[in-house]
Amino acid sequence: MDKIRIGIVGTGYVGNVHGNIYAREPRAEVAALYDIIPERAEATAKRIGGRVCTSQEELLDNCDAVLVCAPNRTHISIASAAIDAGKHVFCEKPFAIGIEEATLLLERANASNKAFQVGHNRRFAPVYVKLKDLLSTDAAHSAHIKMNRGELLNPVWTGDTNVTGGFLYETTIHYFDMLRYQFGEIDELVAYGSQHEYPEIDEFSIIFKFKSGFHCSFASSSDASWFFPFERFEVFCHHRTIVTEEMVKVMDCRGTNADFETFSYHMGEEDFRRGFLQEDKSFIDCILEGSAPKVTALDGFKAVEIVEAVYRAIATGEKVRFA
Ligand SMILES: NC(=O)c1ccc[n+]([C@@H]2O[C@H](COP(=O)([O-])OP(=O)(O)OC[C@H]3O[C@@H](n4cnc5c(N)ncnc54)[C@H](O)[C@@H]3O)[C@@H](O)[C@H]2O)c1
């Protein structure tokens with residue numbers, strides 16, 4: 001069987017995370033690399049191989065599947081060019097910026113007969129797989145959830161809304177996708193936001209109500225320090241609390257006393273703990289099997305829809321309802 005030839009556009013942090021994984025994947029090979037800073041693609045090629053391309057077009061001519069790993073604002077054009085060239089696409093989050101772009105990309109992805117997967121890696125992380133498994137035996141009533149960041153300084157573009165689309169697109173969107181994965185579709189939300197450290201709204205408090213009746217409070221700060229755990233679910237069920245800490249630990253406290261069971265993943269390889277390994281294998285599976293990706297273009301679109309709904313709720317001071 002021929003190996004799937006992977007092309008990586010953007011060989012910075014996350015391009016290298018995926019590149020390292022595909023370099024070890026027997027069903028794929030890192031075939032082509034393109035970065036607007038050529039030395040970055042050259043440095044990656046030195047470690048894991050692959051042809052260093054001088055243009056996106058050259059990359060498209062030398063691969064079967066494209067990983068879109070450049071900053072947020074570029075995703076729409078890189079992913080669209082890859083679809084037009086008949087390639088399978090793995091698009092890092094965010095799927096797109098704004099409803100207009102997201103609608104366009106969704107239409108293009110749906111019209112393609114190749115795989116299109118979005119990089120919401122947390123769906124594959126053992127902590128969140130375990131949370132979903134535990135919740136499958138018990139209905140969640142409510143939750144207190146946070147997703148924080150220590151700064152918007154690294155990489156340098158993370159503080160520039162012209163590149164990111166806003167803090168919610170850069171970080172919090174991961175958990176907006178996770179909310180749908182764990183609790184289903186959202187019915188309505190109210191949100192408050194304020195601006196402190198960076199020239200954009202950088203602190204958020206949101207209340208979500210879901211179609212199932214489940215509801216939760218949600219906090220997200222861009223400048224909370226790197227206090228551990230910077231992401232956390234506290235889910236409340238019938239005489240039960242389930243808590244996640246980062247992508248490291250799940251604690252499950254059942255009944256009416258304070259005993260709890262802990263599931264810990266701290267000894268796992270980082271790429272496994274964060275779900276990148278499983279995510280990349282899953283992309284190859286869906287290419288080879290012709291099956292639907294585990295995180296579809298529609299999932300990517302819906303995460304963008306939640307980001308936009310939160311910004312709109314803050315701008316208008318009104319509750320936003322979902323269709
Ligand atoms: N799933 C995750 O957990 C996760 C983690 C980190 C980053 N990301 C996402 O991945 C993307 C990249 O983030 P990063 O942290 O790797 O950033 P980075 O700055 O480390 O790397 C981005 C690379 O893209 C290159 N680049 C910029 N514009 C380009 C273009 N038009 N064509 C080709 N190359 C281009 C840059 O030179 C840089 O080397 C972002 O969209 C980010 O949100 C996802």
# chains A, B, ... in the order shown; residues from 1 in each chain; ligands from 1

$ closest_atom_pairs --of "chain A" --to "ligand 1" --cutoff "9 Å" --atoms "only C-alpha atoms and all ligand atoms" --output "Markdown table"
| residue | atom | partner | partner_atom_place_in_ligand_line | distance |
| --- | --- | --- | --- | --- |
| A:Ile8 | CA | ligand 1 | 33 (C) | 8.6 |
| A:Val9 | CA | ligand 1 | 33 (C) | 5.0 |
| A:Gly10 | CA | ligand 1 | 24 (O) | 3.5 |
| A:Thr11 | CA | ligand 1 | 39 (O) | 4.8 |
| A:Gly12 | CA | ligand 1 | 21 (O) | 3.2 |
| A:Tyr13 | CA | ligand 1 | 16 (O) | 3.7 |
| A:Val14 | CA | ligand 1 | 16 (O) | 3.7 |
| A:Gly15 | CA | ligand 1 | 16 (O) | 5.6 |
| A:Asn16 | CA | ligand 1 | 16 (O) | 7.6 |
| A:Val17 | CA | ligand 1 | 16 (O) | 8.3 |
| A:Leu33 | CA | ligand 1 | 33 (C) | 8.9 |
| A:Tyr34 | CA | ligand 1 | 33 (C) | 5.7 |
| A:Asp35 | CA | ligand 1 | 34 (N) | 3.7 |
| A:Ile36 | CA | ligand 1 | 34 (N) | 4.5 |
| A:Ile37 | CA | ligand 1 | 37 (O) | 4.9 |
| A:Pro38 | CA | ligand 1 | 37 (O) | 8.0 |
| A:Glu39 | CA | ligand 1 | 39 (O) | 9.0 |
| A:Arg40 | CA | ligand 1 | 39 (O) | 6.0 |
| A:Ala41 | CA | ligand 1 | 39 (O) | 7.8 |
| A:Ser55 | CA | ligand 1 | 32 (N) | 8.4 |
| A:Gln56 | CA | ligand 1 | 32 (N) | 7.2 |
| A:Val68 | CA | ligand 1 | 11 (C) | 7.5 |
| A:Cys69 | CA | ligand 1 | 11 (C) | 4.6 |
| A:Ala70 | CA | ligand 1 | 24 (O) | 3.6 |
| A:Pro71 | CA | ligand 1 | 41 (O) | 3.9 |
| A:Asn72 | CA | ligand 1 | 41 (O) | 3.8 |
| A:Arg73 | CA | ligand 1 | 41 (O) | 7.5 |
| A:Thr74 | CA | ligand 1 | 31 (N) | 5.7 |
| A:His75 | CA | ligand 1 | 41 (O) | 7.2 |
| A:Ser77 | CA | ligand 1 | 31 (N) | 8.5 |
| A:Ile78 | CA | ligand 1 | 31 (N) | 7.4 |
| A:Cys91 | CA | ligand 1 | 41 (O) | 8.5 |
| A:Glu92 | CA | ligand 1 | 10 (O) | 5.2 |
| A:Lys93 | CA | ligand 1 | 43 (O) | 5.4 |
| A:Pro94 | CA | ligand 1 | 41 (O) | 6.1 |
| A:Phe95 | CA | ligand 1 | 41 (O) | 8.6 |
| A:Val118 | CA | ligand 1 | 1 (N) | 8.9 |
| A:Gly119 | CA | ligand 1 | 1 (N) | 5.2 |
| A:His120 | CA | ligand 1 | 1 (N) | 5.7 |
| A:Asn121 | CA | ligand 1 | 1 (N) | 5.4 |
| A:Arg122 | CA | ligand 1 | 3 (O) | 7.6 |
| A:Asn154 | CA | ligand 1 | 15 (O) | 8.1 |
| A:Pro155 | CA | ligand 1 | 19 (O) | 5.2 |
| A:Val156 | CA | ligand 1 | 19 (O) | 7.3 |
| A:Trp157 | CA | ligand 1 | 19 (O) | 7.0 |
| A:Thr158 | CA | ligand 1 | 43 (O) | 8.2 |
| A:Val163 | CA | ligand 1 | 41 (O) | 8.9 |
| A:Thr164 | CA | ligand 1 | 43 (O) | 7.4 |
| A:Tyr169 | CA | ligand 1 | 43 (O) | 7.6 |
| A:Glu170 | CA | ligand 1 | 43 (O) | 5.2 |
| A:Thr171 | CA | ligand 1 | 43 (O) | 7.3 |
| A:His174 | CA | ligand 1 | 1 (N) | 7.8 |
| A:Arg274 | CA | ligand 1 | 3 (O) | 7.8 |
| A:Gly275 | CA | ligand 1 | 3 (O) | 9.0 |
| A:Phe276 | CA | ligand 1 | 1 (N) | 7.8 |

$ residues_around --residues "region 102-117 of chain A" --least-positions-apart "6" --cutoff "7 Å" --atoms "only C-alpha atoms" --output "ChimeraX atom specification"
/A:76,80,83,87-91,95-96,283,286-287,293,295-298,301

$ write_last_selection --atoms "N, CA, C and O atoms" --output "compact mmCIF listing (two decimals), in the first residue's frame"
# COMPACT_ATOMS: atom_id res chain seq x y z
N ILE A 76 -8.72 29.81 5.90
CA ILE A 76 -9.73 29.76 4.82
C ILE A 76 -9.05 29.64 3.45
O ILE A 76 -9.46 28.80 2.64
N SER A 80 -9.06 26.17 1.37
CA SER A 80 -9.82 26.24 0.11
C SER A 80 -8.95 25.81 -1.07
O SER A 80 -9.39 25.05 -1.94
N ILE A 83 -8.62 22.06 -1.01
CA ILE A 83 -9.85 21.40 -1.49
C ILE A 83 -9.91 21.49 -3.02
O ILE A 83 -10.16 20.50 -3.70
N LYS A 87 -7.30 17.66 -2.52
CA LYS A 87 -6.54 17.04 -1.41
C LYS A 87 -7.45 16.77 -0.20
O LYS A 87 -8.46 17.46 0.01
N HIS A 88 -7.06 15.78 0.58
CA HIS A 88 -7.64 15.63 1.91
C HIS A 88 -7.11 16.78 2.75
O HIS A 88 -5.96 17.20 2.57
N VAL A 89 -7.93 17.27 3.69
CA VAL A 89 -7.50 18.44 4.48
C VAL A 89 -7.67 18.18 5.97
O VAL A 89 -8.72 17.72 6.41
N PHE A 90 -6.61 18.50 6.70
CA PHE A 90 -6.70 18.59 8.16
C PHE A 90 -6.48 20.06 8.48
O PHE A 90 -5.40 20.60 8.22
N CYS A 91 -7.50 20.71 9.01
CA CYS A 91 -7.41 22.15 9.27
C CYS A 91 -7.33 22.38 10.77
O CYS A 91 -8.26 22.02 11.51
N PHE A 95 -11.65 26.67 12.64
CA PHE A 95 -12.08 26.29 11.29
C PHE A 95 -12.00 27.50 10.36
O PHE A 95 -11.47 27.43 9.26
N ALA A 96 -12.52 28.62 10.81
CA ALA A 96 -12.48 29.86 10.03
C ALA A 96 -12.77 31.00 11.00
O ALA A 96 -13.03 30.76 12.18
N PHE A 283 -7.22 10.73 11.35
CA PHE A 283 -7.26 11.38 10.02
C PHE A 283 -6.84 10.37 8.96
O PHE A 283 -7.48 10.25 7.91
N CYS A 286 -9.64 7.80 8.39
CA CYS A 286 -10.79 8.22 7.58
C CYS A 286 -10.40 8.39 6.11
O CYS A 286 -11.22 8.17 5.23
N ILE A 287 -9.15 8.72 5.82
CA ILE A 287 -8.71 8.77 4.42
C ILE A 287 -8.73 7.35 3.83
O ILE A 287 -9.27 7.12 2.74
N PRO A 293 -14.79 11.93 9.22
CA PRO A 293 -13.84 12.29 10.28
C PRO A 293 -14.54 12.40 11.63
O PRO A 293 -15.74 12.68 11.69
N VAL A 295 -13.99 14.71 13.78
CA VAL A 295 -14.33 16.14 13.98
C VAL A 295 -14.53 16.72 12.57
O VAL A 295 -13.58 16.92 11.82
N THR A 296 -15.79 16.95 12.24
CA THR A 296 -16.13 17.31 10.86
C THR A 296 -16.06 18.83 10.63
O THR A 296 -15.96 19.62 11.58
N ALA A 297 -16.19 19.19 9.35
CA ALA A 297 -16.27 20.62 9.01
C ALA A 297 -17.47 21.26 9.72
O ALA A 297 -17.38 22.40 10.18
N LEU A 298 -18.56 20.52 9.85
CA LEU A 298 -19.73 21.07 10.53
C LEU A 298 -19.41 21.34 12.02
O LEU A 298 -19.84 22.36 12.57
N PHE A 301 -17.51 24.49 12.05
CA PHE A 301 -18.44 25.60 11.81
C PHE A 301 -19.20 25.95 13.09
O PHE A 301 -19.34 27.11 13.47

$ select_by_dssp --residues "region 4-229 of chain A" --states "strand (DSSP E or B)" --output "number ranges by chain"
A: 4-9, 28-34, 51-52, 65-68, 88-92, 116-119, 142-147, 186-194, 203-210, 215-221

$ select_by_dssp --residues "region 61-256 of chain A" --states "alpha helix (DSSP H)" --output "PyMOL selection string"
chain A and resi 75-84+99-111+126-135+161-164+167+173-183
